[in-house]
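To be precise, the following lines are protein.txt, and they hold compact mmCIF, C-alpha atoms.
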# COMPACT_ATOMS: atom_id res chain seq x y z
CA MET A 8 -50.80 -19.30 10.79
CA GLU A 9 -50.44 -19.90 7.06
CA ALA A 10 -47.31 -21.85 6.11
CA LEU A 11 -44.73 -20.26 3.83
CA ALA A 12 -44.77 -21.92 0.41
CA LYS A 13 -42.06 -22.17 -2.25
CA ASN A 14 -42.71 -19.99 -5.35
CA SER A 15 -45.29 -17.89 -3.50
CA LEU A 16 -45.22 -14.15 -4.22
CA HIS A 17 -45.31 -11.58 -1.37
CA THR A 18 -45.02 -7.83 -0.89
CA VAL A 19 -42.86 -7.16 2.18
CA LYS A 20 -41.10 -4.42 4.15
CA ILE A 21 -37.37 -5.04 4.59
CA ASP A 22 -36.57 -4.49 8.25
CA GLY A 23 -32.93 -5.55 8.62
CA TYR A 24 -29.95 -7.48 7.28
CA SER A 25 -28.51 -10.97 7.60
CA ALA A 26 -24.85 -11.63 8.39
CA GLU A 27 -24.21 -11.97 4.63
CA GLY A 28 -25.86 -8.60 3.93
CA TYR A 29 -29.14 -9.96 2.55
CA GLY A 30 -32.25 -7.94 3.29
CA VAL A 31 -34.48 -9.58 5.91
CA ALA A 32 -38.28 -9.56 6.07
CA ARG A 33 -40.83 -11.65 7.95
CA ILE A 34 -43.44 -13.65 6.05
CA CYS A 35 -45.90 -15.93 7.83
CA GLY A 36 -43.88 -15.40 11.00
CA GLN A 37 -40.65 -16.64 9.40
CA ALA A 38 -37.43 -14.76 8.64
CA VAL A 39 -36.86 -14.51 4.91
CA PHE A 40 -33.50 -13.50 3.38
CA ILE A 41 -33.60 -11.51 0.11
CA LYS A 42 -30.38 -10.84 -1.78
CA GLY A 43 -30.12 -7.29 -3.12
CA ALA A 44 -32.84 -5.81 -0.87
CA ILE A 45 -32.07 -2.76 1.30
CA SER A 46 -33.45 -2.09 4.76
CA GLY A 47 -36.55 0.13 4.67
CA GLU A 48 -37.59 -0.87 1.16
CA VAL A 49 -40.96 -2.32 0.20
CA CYS A 50 -40.37 -5.16 -2.24
CA GLU A 51 -42.20 -7.86 -4.11
CA VAL A 52 -40.36 -11.14 -3.54
CA ARG A 53 -40.74 -14.76 -4.62
CA VAL A 54 -39.90 -17.52 -2.16
CA LEU A 55 -37.14 -19.81 -3.47
CA LYS A 56 -36.35 -22.12 -0.57
CA VAL A 57 -38.05 -22.82 2.75
CA LEU A 58 -35.98 -24.27 5.60
CA LYS A 59 -36.89 -25.07 9.18
CA ASN A 60 -36.03 -21.69 10.70
CA LEU A 61 -35.60 -19.39 7.71
CA ALA A 62 -36.30 -19.00 4.02
CA TYR A 63 -34.74 -17.42 0.95
CA ALA A 64 -36.54 -15.32 -1.62
CA LYS A 65 -35.75 -13.59 -4.91
CA LEU A 66 -36.22 -9.86 -5.31
CA GLU A 67 -38.78 -9.53 -8.11
CA ARG A 68 -39.69 -5.84 -7.95
CA ILE A 69 -38.92 -2.81 -5.79
CA VAL A 70 -42.17 -1.10 -4.84
CA GLU A 71 -40.67 1.63 -2.65
CA PRO A 72 -36.88 2.03 -3.09
CA SER A 73 -34.53 3.08 -0.32
CA PRO A 74 -32.89 6.52 -0.64
CA HIS A 75 -29.62 4.58 -0.25
CA ARG A 76 -30.17 2.54 -3.44
CA VAL A 77 -27.80 3.36 -6.31
CA SER A 78 -27.22 2.00 -9.80
CA PRO A 79 -24.31 -0.49 -9.81
CA LEU A 80 -21.38 0.73 -11.89
CA CYS A 81 -20.18 -2.80 -12.68
CA PRO A 82 -21.94 -4.53 -15.61
CA VAL A 83 -21.51 -8.00 -14.05
CA PHE A 84 -22.67 -7.10 -10.54
CA GLY A 85 -24.99 -9.83 -9.32
CA LYS A 86 -23.28 -12.40 -11.54
CA CYS A 87 -19.71 -12.18 -10.27
CA GLY A 88 -19.35 -13.41 -6.69
CA GLY A 89 -16.89 -10.67 -5.72
CA CYS A 90 -18.90 -7.61 -4.68
CA ASP A 91 -22.05 -7.62 -2.54
CA PHE A 92 -23.08 -4.00 -2.07
CA LEU A 93 -22.76 -2.07 -5.34
CA HIS A 94 -26.53 -1.53 -5.21
CA MET A 95 -26.32 0.69 -2.09
CA ASP A 96 -24.36 3.81 -1.18
CA TYR A 97 -21.31 3.56 1.07
CA GLU A 98 -23.06 5.17 4.03
CA GLU A 99 -25.60 2.32 4.17
CA GLU A 100 -22.88 -0.29 3.67
CA LEU A 101 -21.01 0.95 6.74
CA ARG A 102 -24.22 1.05 8.78
CA LEU A 103 -24.97 -2.53 7.74
CA LYS A 104 -21.50 -3.71 8.76
CA LYS A 105 -21.70 -1.98 12.13
CA LEU A 106 -25.05 -3.66 12.80
CA ARG A 107 -23.65 -7.02 11.74
CA VAL A 108 -20.73 -6.83 14.17
CA GLU A 109 -22.81 -5.65 17.12
CA ASP A 110 -25.47 -8.29 16.41
CA SER A 111 -22.77 -11.00 16.50
CA PHE A 112 -21.48 -9.69 19.82
CA ALA A 113 -24.97 -9.84 21.35
CA ARG A 114 -26.42 -12.95 19.70
CA ILE A 115 -23.35 -15.22 19.62
CA GLY A 116 -21.15 -13.81 22.36
CA GLY A 117 -23.87 -12.72 24.79
CA LEU A 118 -22.02 -9.42 25.13
CA ASP A 119 -23.31 -5.90 25.64
CA LEU A 120 -20.47 -4.54 23.52
CA LYS A 121 -20.88 -1.68 21.05
CA LEU A 122 -18.38 -0.52 18.47
CA SER A 123 -16.52 2.64 19.41
CA GLY A 124 -16.49 3.35 15.69
CA ILE A 125 -16.31 1.92 12.21
CA TYR A 126 -13.57 3.29 9.97
CA GLY A 127 -14.70 3.60 6.39
CA ALA A 128 -12.13 3.34 3.62
CA PRO A 129 -10.98 6.56 1.93
CA HIS A 130 -11.05 4.68 -1.39
CA ILE A 131 -13.76 2.17 -2.26
CA THR A 132 -12.45 1.36 -5.75
CA GLY A 133 -9.02 0.13 -6.81
CA TYR A 134 -8.08 -0.63 -3.22
CA ARG A 135 -7.03 -4.29 -3.51
CA ASN A 136 -3.30 -4.97 -3.76
CA LYS A 137 -3.91 -8.64 -4.61
CA ALA A 138 -5.92 -10.09 -7.49
CA ILE A 139 -6.38 -13.77 -8.33
CA TYR A 140 -8.05 -14.42 -11.67
CA ALA A 141 -9.48 -17.74 -12.74
CA VAL A 142 -8.80 -18.59 -16.39
CA GLY A 143 -11.31 -20.02 -18.84
CA ARG A 144 -12.63 -19.47 -22.35
CA LYS A 145 -15.24 -17.11 -23.70
CA ASP A 146 -16.26 -17.08 -27.36
CA GLY A 147 -13.36 -19.39 -28.12
CA LYS A 148 -10.71 -17.11 -26.59
CA ALA A 149 -8.87 -17.18 -23.27
CA ALA A 150 -10.57 -15.04 -20.65
CA ALA A 151 -9.75 -14.15 -17.05
CA GLY A 152 -12.33 -13.42 -14.40
CA PHE A 153 -13.87 -14.37 -11.09
CA PHE A 154 -16.19 -17.13 -10.01
CA ARG A 155 -19.93 -16.68 -9.95
CA GLY A 156 -21.27 -16.91 -6.40
CA ARG A 157 -21.37 -20.48 -5.01
CA SER A 158 -19.98 -21.95 -8.24
CA HIS A 159 -16.87 -22.31 -10.36
CA ASP A 160 -18.42 -20.66 -13.39
CA ILE A 161 -16.11 -17.86 -14.50
CA VAL A 162 -17.59 -14.39 -14.97
CA THR A 163 -15.40 -12.15 -17.10
CA ALA A 164 -15.12 -8.37 -17.13
CA GLU A 165 -12.59 -6.07 -18.76
CA ARG A 166 -12.38 -3.93 -15.62
CA CYS A 167 -12.89 -4.98 -12.01
CA LEU A 168 -13.56 -1.83 -10.01
CA ILE A 169 -12.01 -3.01 -6.74
CA GLN A 170 -8.76 -4.26 -8.33
CA THR A 171 -5.94 -2.08 -9.56
CA GLU A 172 -6.06 -1.15 -13.23
CA ALA A 173 -2.59 -2.70 -13.68
CA SER A 174 -3.90 -6.07 -12.45
CA ASP A 175 -6.58 -6.11 -15.13
CA ARG A 176 -4.04 -5.18 -17.81
CA ALA A 177 -1.72 -7.98 -16.69
CA ALA A 178 -4.52 -10.55 -16.76
CA ALA A 179 -5.52 -9.45 -20.27
CA ALA A 180 -1.88 -9.75 -21.43
CA VAL A 181 -1.65 -13.33 -20.15
CA CYS A 182 -4.86 -14.20 -22.00
CA ARG A 183 -3.44 -12.81 -25.25
CA TRP A 184 -0.31 -14.95 -24.73
CA ILE A 185 -2.44 -18.05 -24.17
CA ASP A 186 -4.21 -17.49 -27.49
CA SER A 187 -1.05 -16.71 -29.44
CA SER A 188 1.07 -19.51 -27.96
CA GLY A 189 -1.56 -22.22 -27.99
CA ALA A 190 -1.14 -22.83 -24.26
CA SER A 191 -3.94 -24.99 -22.87
CA ILE A 192 -6.23 -23.95 -20.01
CA TYR A 193 -6.56 -26.20 -16.98
CA ASP A 194 -9.79 -28.16 -16.63
CA GLU A 195 -10.41 -28.74 -12.94
CA LYS A 196 -12.82 -31.65 -13.45
CA ALA A 197 -10.58 -33.50 -15.88
CA GLY A 198 -7.34 -32.50 -14.16
CA LEU A 199 -5.83 -31.63 -17.54
CA GLY A 200 -4.41 -28.45 -19.07
CA LEU A 201 -1.69 -25.94 -18.28
CA VAL A 202 -2.75 -22.44 -17.14
CA ARG A 203 -4.76 -22.40 -13.89
CA HIS A 204 -4.77 -18.88 -12.40
CA ILE A 205 -3.23 -15.43 -12.75
CA PHE A 206 -2.08 -13.83 -9.50
CA VAL A 207 -1.15 -10.13 -9.50
CA ARG A 208 0.20 -8.24 -6.51
CA SER A 209 0.67 -4.46 -6.40
CA SER A 210 2.68 -2.22 -4.10
CA PHE A 211 0.91 1.04 -3.38
CA SER A 212 4.03 2.65 -1.92
CA THR A 213 6.38 1.90 -4.84
CA GLY A 214 3.91 1.58 -7.71
CA ARG A 215 5.47 -1.75 -8.71
CA ALA A 216 3.60 -4.98 -9.49
CA ALA A 217 4.38 -8.69 -9.47
CA VAL A 218 2.71 -11.32 -11.67
CA CYS A 219 2.57 -14.97 -10.70
CA LEU A 220 1.30 -17.39 -13.33
CA ILE A 221 -0.06 -20.59 -11.79
CA ALA A 222 0.35 -23.57 -14.11
CA SER A 223 0.43 -27.35 -13.89
CA SER A 224 3.91 -27.63 -15.43
CA LYS A 225 7.24 -25.80 -15.65
CA LYS A 226 7.13 -26.06 -19.43
CA LEU A 227 5.54 -22.95 -20.89
CA PRO A 228 5.20 -22.53 -24.65
CA GLU A 229 6.93 -19.35 -25.83
CA ALA A 230 7.74 -18.10 -22.30
CA GLY A 231 9.70 -15.20 -23.82
CA ARG A 232 6.54 -13.98 -25.56
CA LEU A 233 4.69 -14.12 -22.22
CA ILE A 234 7.33 -11.93 -20.60
CA ASP A 235 7.26 -9.46 -23.50
CA ALA A 236 3.46 -9.28 -23.41
CA LEU A 237 3.40 -8.54 -19.68
CA VAL A 238 6.23 -6.01 -19.64
CA SER A 239 4.91 -4.08 -22.64
CA SER A 240 1.35 -4.00 -21.29
CA CYS A 241 2.33 -3.23 -17.69
CA PRO A 242 5.47 -1.13 -17.22
CA GLU A 243 4.76 -1.36 -13.47
CA ILE A 244 5.80 -5.01 -13.41
CA SER A 245 9.15 -5.80 -11.77
CA SER A 246 8.58 -9.49 -11.03
CA ILE A 247 7.23 -12.39 -13.08
CA VAL A 248 7.10 -15.74 -11.31
CA LEU A 249 5.81 -19.15 -12.35
CA ASN A 250 4.11 -21.24 -9.68
CA VAL A 251 3.83 -24.95 -10.43
CA ASN A 252 0.66 -26.47 -9.02
CA LYS A 253 -0.01 -30.11 -9.87
CA LYS A 254 -2.52 -30.63 -7.08
CA PRO A 255 -6.06 -31.69 -8.02
CA GLY A 256 -8.97 -29.47 -7.03
CA ASN A 257 -9.12 -25.69 -6.74
CA THR A 258 -6.17 -24.90 -4.47
CA VAL A 259 -4.57 -21.84 -6.07
CA LEU A 260 -0.87 -22.05 -5.21
CA GLY A 261 1.44 -25.04 -5.45
CA ASP A 262 4.73 -25.43 -3.59
CA GLU A 263 7.25 -24.67 -6.36
CA PHE A 264 8.14 -21.15 -7.54
CA VAL A 265 10.36 -20.29 -10.51
CA THR A 266 11.36 -16.69 -11.25
CA LEU A 267 10.92 -16.04 -14.97
CA TRP A 268 11.91 -12.37 -15.07
CA GLY A 269 12.99 -9.65 -12.65
CA SER A 270 12.85 -10.11 -8.90
CA ASP A 271 11.12 -12.89 -6.96
CA CYS A 272 9.20 -10.35 -4.87
CA ILE A 273 8.12 -6.72 -4.50
CA GLU A 274 8.29 -4.37 -1.54
CA GLU A 275 5.52 -2.55 0.35
CA THR A 276 5.81 0.10 3.06
CA LEU A 277 3.50 0.32 6.06
CA LEU A 278 3.93 2.97 8.75
CA GLY A 279 7.49 3.61 7.58
CA LEU A 280 8.54 -0.07 7.66
CA LYS A 281 9.48 -2.02 4.54
CA PHE A 282 7.99 -5.45 3.87
CA LYS A 283 9.03 -8.05 1.30
CA LEU A 284 6.07 -9.58 -0.51
CA SER A 285 6.65 -12.92 -2.22
CA PRO A 286 3.72 -14.73 -3.91
CA ALA A 287 3.19 -17.01 -0.89
CA SER A 288 3.28 -14.20 1.69
CA PHE A 289 0.19 -13.20 3.62
CA PHE A 290 -0.36 -9.45 3.58
CA GLN A 291 -3.40 -7.28 4.17
CA ILE A 292 -5.39 -6.71 0.97
CA ASN A 293 -5.98 -3.00 1.64
CA PRO A 294 -2.71 -1.32 2.73
CA VAL A 295 -4.30 2.09 3.36
CA GLN A 296 -6.80 0.63 5.83
CA ALA A 297 -4.16 -1.77 7.19
CA GLU A 298 -2.11 1.20 8.38
CA ARG A 299 -5.11 2.57 10.27
CA LEU A 300 -5.83 -0.84 11.79
CA TYR A 301 -2.22 -1.38 12.89
CA GLU A 302 -2.07 2.10 14.38
CA LYS A 303 -5.07 1.13 16.50
CA VAL A 304 -3.41 -2.13 17.60
CA LEU A 305 -0.32 -0.13 18.58
CA GLU A 306 -2.42 2.40 20.50
CA ILE A 307 -4.51 -0.01 22.55
CA SER A 308 -1.72 -2.51 23.27
CA GLU A 309 0.18 0.20 25.22
CA ALA A 310 3.34 -1.91 25.21
CA ASP A 311 6.47 -0.07 26.33
CA LYS A 312 10.17 -0.93 26.57
CA THR A 313 9.60 -2.81 29.84
CA SER A 314 7.01 -5.14 28.35
CA SER A 315 6.94 -8.11 26.00
CA VAL A 316 4.41 -8.99 23.28
CA LEU A 317 3.38 -12.35 21.86
CA ASP A 318 1.96 -12.06 18.33
CA LEU A 319 0.17 -15.24 17.22
CA TYR A 320 -0.59 -15.80 13.52
CA CYS A 321 1.98 -13.11 12.73
CA GLY A 322 2.21 -13.80 8.98
CA THR A 323 5.12 -11.87 7.48
CA GLY A 324 5.57 -9.99 10.74
CA THR A 325 3.67 -6.78 10.03
CA ILE A 326 2.09 -6.36 13.48
CA SER A 327 5.16 -7.78 15.25
CA LEU A 328 7.54 -5.32 13.65
CA ILE A 329 5.24 -2.35 14.19
CA LEU A 330 4.87 -3.25 17.89
CA SER A 331 8.65 -3.69 18.21
CA ARG A 332 8.97 0.10 18.01
CA THR A 333 7.43 0.53 21.46
CA ALA A 334 7.75 -2.92 23.10
CA GLY A 335 10.86 -4.29 24.74
CA ARG A 336 10.53 -7.72 23.13
CA VAL A 337 8.20 -9.22 20.51
CA ILE A 338 7.77 -12.90 19.68
CA GLY A 339 5.90 -13.71 16.47
CA VAL A 340 4.46 -17.15 15.73
CA GLU A 341 3.31 -18.39 12.32
CA ALA A 342 2.83 -21.87 10.84
CA VAL A 343 3.81 -20.97 7.24
CA ALA A 344 7.57 -21.36 6.81
CA ASP A 345 7.81 -18.95 3.86
CA ALA A 346 6.01 -16.26 5.87
CA ILE A 347 8.40 -16.70 8.80
CA ALA A 348 11.37 -16.44 6.43
CA ASP A 349 9.91 -13.19 5.10
CA ALA A 350 9.30 -11.92 8.65
CA ARG A 351 12.91 -12.52 9.64
CA GLU A 352 14.14 -10.87 6.46
CA ASN A 353 11.79 -7.93 7.06
CA ALA A 354 13.18 -7.51 10.58
CA CYS A 355 16.75 -7.42 9.23
CA ALA A 356 15.83 -5.02 6.42
CA ASN A 357 14.34 -2.60 8.95
CA GLY A 358 17.18 -2.93 11.48
CA ILE A 359 14.88 -4.44 14.11
CA THR A 360 16.66 -6.61 16.69
CA ASN A 361 14.03 -7.00 19.44
CA ALA A 362 11.66 -9.21 17.42
CA GLU A 363 12.06 -12.97 17.04
CA PHE A 364 9.97 -15.34 14.98
CA ILE A 365 8.97 -18.95 15.58
CA CYS A 366 7.67 -21.23 12.85
CA GLY A 367 5.04 -23.52 14.28
CA ASP A 368 1.41 -24.12 15.19
CA ALA A 369 0.03 -21.28 17.30
CA SER A 370 -1.39 -23.56 20.01
CA GLU A 371 1.75 -25.67 20.31
CA ALA A 372 4.09 -22.67 20.30
CA ALA A 373 2.03 -20.79 22.89
CA GLU A 374 1.97 -23.85 25.16
CA GLU A 375 5.75 -24.29 24.81
CA LEU A 376 6.35 -20.62 25.60
CA ARG A 377 4.08 -20.90 28.65
CA LYS A 378 6.09 -23.89 29.91
CA ARG A 379 9.27 -21.84 29.44
CA GLY A 380 7.82 -19.17 31.70
CA VAL A 381 7.21 -16.52 29.04
CA THR A 382 4.80 -13.96 30.51
CA PRO A 383 3.82 -11.41 27.85
CA PHE A 384 2.24 -8.12 28.86
CA VAL A 385 -0.01 -8.34 25.80
CA VAL A 386 -0.94 -11.16 23.42
CA VAL A 387 -2.03 -10.16 19.92
CA VAL A 388 -3.96 -12.68 17.81
CA ASP A 389 -4.88 -12.30 14.13
CA PRO A 390 -6.24 -15.75 13.22
CA PRO A 391 -7.83 -16.97 9.98
CA ARG A 392 -11.59 -16.82 9.55
CA LYS A 393 -12.21 -19.93 11.67
CA GLY A 394 -10.89 -18.10 14.74
CA LEU A 395 -9.09 -19.62 17.72
CA THR A 396 -9.36 -23.12 19.15
CA PRO A 397 -10.62 -23.51 22.75
CA PRO A 398 -7.26 -25.02 23.91
CA LEU A 399 -5.36 -22.02 22.51
CA ILE A 400 -7.68 -19.60 24.30
CA GLU A 401 -7.08 -21.52 27.54
CA THR A 402 -3.31 -21.41 26.99
CA ILE A 403 -3.37 -17.65 26.34
CA ALA A 404 -5.42 -17.08 29.52
CA SER A 405 -3.05 -19.29 31.52
CA MET A 406 -0.14 -17.02 30.52
CA SER A 407 -2.02 -14.21 32.36
CA PRO A 408 -1.22 -11.31 30.01
CA ASP A 409 -2.60 -7.95 31.13
CA LYS A 410 -4.20 -7.53 27.71
CA VAL A 411 -5.31 -9.54 24.71
CA VAL A 412 -5.78 -7.71 21.41
CA TYR A 413 -7.88 -9.72 18.97
CA VAL A 414 -7.81 -8.81 15.25
CA SER A 415 -10.56 -10.64 13.39
CA CYS A 416 -11.94 -10.91 9.86
CA ASP A 417 -15.11 -12.73 10.99
CA PRO A 418 -17.50 -11.20 13.56
CA ALA A 419 -19.17 -14.56 14.30
CA THR A 420 -16.04 -16.47 15.32
CA LEU A 421 -14.75 -13.36 17.08
CA ALA A 422 -17.89 -13.18 19.22
CA ARG A 423 -17.69 -16.90 19.98
CA ASP A 424 -14.08 -16.56 21.15
CA LEU A 425 -14.77 -13.42 23.19
CA LYS A 426 -17.36 -15.42 25.13
CA GLN A 427 -14.79 -18.07 26.07
CA PHE A 428 -12.21 -15.44 26.98
CA GLY A 429 -14.84 -13.85 29.22
CA ALA A 430 -15.34 -17.12 31.08
CA LEU A 431 -11.58 -17.21 31.70
CA GLY A 432 -11.39 -13.72 33.19
CA TYR A 433 -10.84 -11.49 30.14
CA ARG A 434 -13.40 -8.75 29.58
CA ALA A 435 -13.90 -7.14 26.19
CA MET A 436 -13.47 -3.44 26.88
CA ARG A 437 -13.29 -1.81 23.47
CA ALA A 438 -14.15 -2.80 19.91
CA GLU A 439 -13.64 -1.00 16.62
CA ALA A 440 -14.31 -2.04 13.04
CA PHE A 441 -12.30 -1.28 9.92
CA ASP A 442 -13.77 -1.64 6.45
CA MET A 443 -10.86 -3.40 4.80
CA PHE A 444 -13.01 -4.74 1.96
CA PRO A 445 -15.41 -2.06 0.66
CA ARG A 446 -18.33 -3.25 -1.47
CA THR A 447 -18.08 -6.79 -0.02
CA ALA A 448 -19.71 -8.35 3.05
CA HIS A 449 -16.40 -8.71 4.90
CA VAL A 450 -15.41 -6.49 7.82
CA GLU A 451 -12.35 -6.46 10.09
CA CYS A 452 -12.51 -5.83 13.84
CA VAL A 453 -10.07 -5.06 16.64
CA VAL A 454 -11.09 -5.87 20.21
CA LEU A 455 -9.21 -5.03 23.40
CA MET A 456 -9.63 -7.44 26.30
CA THR A 457 -8.21 -6.85 29.78
CA ASN A 458 -7.40 -9.32 32.51
CA VAL A 459 -9.94 -8.87 35.30
CA LYS A 460 -9.57 -12.22 37.06
CA ASN A 461 -6.93 -10.95 39.43
CA LYS A 462 -8.46 -7.53 40.04

File written out as structure tokens:
Amino acid sequence: MEALAKNSLHTVKIDGYSAEGYGVARICGQAVFIKGAISGEVCEVRVLKVLKNLAYAKLERIVEPSPHRVSPLCPVFGKCGGCDFLHMDYEEELRLKKLRVEDSFARIGGLDLKLSGIYGAPHITGYRNKAIYAVGRKDGKAAAGFFRGRSHDIVTAERCLIQTEASDRAAAAVCRWIDSSGASIYDEKAGLGLVRHIFVRSSFSTGRAAVCLIASSKKLPEAGRLIDALVSSCPEISSIVLNVNKKPGNTVLGDEFVTLWGSDCIEETLLGLKFKLSPASFFQINPVQAERLYEKVLEISEADKTSSVLDLYCGTGTISLILSRTAGRVIGVEAVADAIADARENACANGITNAEFICGDASEAAEELRKRGVTPFVVVVDPPRKGLTPPLIETIASMSPDKVVYVSCDPATLARDLKQFGALGYRAMRAEAFDMFPRTAHVECVVLMTNVKNK
């Protein structure tokens, strides 16, 4: 068979998608990934890179377009690394994500597990309650934007369709202050300069917003003018905070926070509960979809007043406090001290007394609780993208909960972990997906596992 050659031109039929949402075709017997191609299309592509088991190609021309292809509304789509699917309609995006999750279950987890459903978002624009803008210069002026894919080149746009309009206005106001005050912009390579990022958080329930300016020093030139610029441009703002980050590299937040104006936080409401959101707090990006996801966790956990729940990676306590309504006792574990402080404050603010929070590593805390004889009816895990460690999975299984509810933002690590749980006597019974991040390749899943080793 003819070998696939770099720079060669081919006309192909797109017959599927990769985990990243690239179109997939086969050329010379090899899988080729094509960014921007839609399943079912006939395309002319040019091979860019040939690896041992796969190749990448550039979409040169669409010969037969998919009926799901649409014109992207964003002028920087394809340059900015934020959105992946503005070239297809939402129906095809959801189909792609469903296929991605089920493929991970089968290929990585060895599971015959299908999604009971995928919950599309009611709003696919303006849904993000958190925006982090990189700061650079364009045409000699300060500009805020997002990184180009796989680089730290900043792509600017006056309006980002998935952010709130207030976030864009706040970022523009900071840029005007930089130009008028003469504030310098941080150069990551040189490690010099003042302004690093602009972080805006919005509350959908109250309509308020918080701005956090990340800088390398406490000393801001004309800080009063910055406050005036933000408040006049964004009446929604009730909090302006300075975060001091002197660390080298591209870590966004430093450890020191200084309140410049207003409160040090804002408040969000989920399922009738109030949550304090400080700049360092973890909180779901899409609160509308988060409510639907948490309702599902509450439904499938089936915890009642006779049962206890262990919530690992609890963040600011959102799932813990929601489960406390039906469970007898909830223990939340989180490694970030600020998040645990927020969780405890959130419990007090909502009058919840049957939830306690432990600050510590999830594996170590779970092992300590096991040694103390804690036997939860259900364990809920909501880990970061890397998933769970094998020792933590073993510890959870050794506690013998009736159920494990796994909330995941990465289908691949989820499938890997489900396989290990299966070997320890926990069968995945039900899986559902929630599109928390419309127009991007990310998808959130909830899986219910039941203890079958003693049945």

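Comparing the minimum interatomic distances between A:Pro391 and each of A:Pro445, A:Gly322, A:Gly28, A:Gly89, counting all atoms listed in the file, we find that A:Gly322 sits nearest.
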
Distance of atom CA of A:Val411 from atom CA of A:Val459, expressed in Å to one decimal place: 11.6 Å

Would you mind listing what lies within 8 Å of stretch 370-375 of chain A as a list in words, with all atoms listed in the file counted and same-chain residues fewer than 4 positions away left out? Val340, Ile365, Arg379, Pro398, Leu399, Thr402 and Ile403 of chain A

Which one of A:Met443, A:Ala230, A:Ala438, A:Ala32 sits closest to A:Glu298 if you count all atoms listed in the file? A:Met443

If we count only C-alpha atoms and set the cut-off at 8 Å, which residues sit around A:Ala38, ignoring sequence neighbours fewer than 5 positions away in its own chain? Please answer as a PDB file with C-alpha atoms, in the coordinates of the input.
ATOM      1  CA  VAL A  31     -34.480  -9.580   5.910  1.00  0.00           C
ATOM      2  CA  ALA A  32     -38.280  -9.560   6.070  1.00  0.00           C
ATOM      3  CA  ARG A  33     -40.830 -11.650   7.950  1.00  0.00           C
ATOM      4  CA  ASN A  60     -36.030 -21.690  10.700  1.00  0.00           C
ATOM      5  CA  LEU A  61     -35.600 -19.390   7.710  1.00  0.00           C
ATOM      6  CA  ALA A  62     -36.300 -19.000   4.020  1.00  0.00           C
TER       7      ALA A  62
END

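Nearest to A:Ala128 of all the residues A:Gly88, A:Pro72, A:Pro294, A:Pro286 is A:Pro294, counting all atoms listed in the file.
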
Distance cut-off 12 Å, centre (-23.2, -0.9, 12.5) in file coordinates, counting all atoms listed in the file: which residues qualify? Return them as JSON, numbers by chain. {"A": [23, 24, 26, 28, 98, 99, 100, 101, 102, 103, 104, 105, 106, 107, 108, 109, 110, 111, 112, 120, 121, 122, 123, 124, 125, 126, 127, 418, 438, 439, 440, 441, 442, 450, 452]}

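The residue set within 9 Å of A:Thr213, counting all atoms listed in the file and dropping same-chain residues fewer than 3 places from it, reads Ser209, Ser210, Ala216, Ile273, Glu274, Glu275 and Thr276 of chain A.
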
Neighbours of A:Ala342 within 6 Å (all atoms listed in the file; same-chain residues fewer than 2 positions away dropped), as a list in words? Cys366, Gly367 and Asp368 of chain A

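Residue nearest A:Phe84, chosen from A:Lys283, A:Val343, A:Arg155, A:Met456 and counting all atoms listed in the file: A:Arg155.
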
Which of these, A:Thr396, A:Gly214, A:Lys13, A:Ser188, has the shortest distance to A:Gly231 once you count all atoms listed in the file? A:Ser188

Generate the missing atoms of stretch 63-72 of chain A up to N, CA and C atoms and report them as an mmCIF file, in the coordinates of the input.
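Output saved as out_33.cif:
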data_model
loop_
_atom_site.group_PDB
_atom_site.id
_atom_site.type_symbol
_atom_site.label_atom_id
_atom_site.label_comp_id
_atom_site.auth_asym_id
_atom_site.auth_seq_id
_atom_site.Cartn_x
_atom_site.Cartn_y
_atom_site.Cartn_z
ATOM 1 N N TYR A 63 -35.395 -18.309 1.893
ATOM 2 C CA TYR A 63 -34.740 -17.420 0.950
ATOM 3 C C TYR A 63 -35.726 -17.048 -0.151
ATOM 4 N N ALA A 64 -35.644 -15.791 -0.570
ATOM 5 C CA ALA A 64 -36.540 -15.320 -1.620
ATOM 6 C C ALA A 64 -35.769 -14.487 -2.637
ATOM 7 N N LYS A 65 -36.332 -14.391 -3.830
ATOM 8 C CA LYS A 65 -35.750 -13.590 -4.910
ATOM 9 C C LYS A 65 -36.455 -12.247 -4.984
ATOM 10 N N LEU A 66 -35.666 -11.203 -5.156
ATOM 11 C CA LEU A 66 -36.220 -9.860 -5.310
ATOM 12 C C LEU A 66 -36.805 -9.737 -6.726
ATOM 13 N N GLU A 67 -38.127 -9.628 -6.822
ATOM 14 C CA GLU A 67 -38.780 -9.530 -8.110
ATOM 15 C C GLU A 67 -38.997 -8.080 -8.547
ATOM 16 N N ARG A 68 -39.387 -7.233 -7.593
ATOM 17 C CA ARG A 68 -39.690 -5.840 -7.950
ATOM 18 C C ARG A 68 -39.568 -4.959 -6.701
ATOM 19 N N ILE A 69 -39.020 -3.763 -6.892
ATOM 20 C CA ILE A 69 -38.920 -2.810 -5.790
ATOM 21 C C ILE A 69 -40.118 -1.874 -5.860
ATOM 22 N N VAL A 70 -40.966 -1.936 -4.867
ATOM 23 C CA VAL A 70 -42.170 -1.100 -4.840
ATOM 24 C C VAL A 70 -41.846 0.289 -4.328
ATOM 25 N N GLU A 71 -41.097 0.356 -3.225
ATOM 26 C CA GLU A 71 -40.670 1.630 -2.650
ATOM 27 C C GLU A 71 -39.164 1.539 -2.385
ATOM 28 N N PRO A 72 -38.340 2.154 -3.244
ATOM 29 C CA PRO A 72 -36.880 2.030 -3.090
ATOM 30 C C PRO A 72 -36.351 2.824 -1.901
#
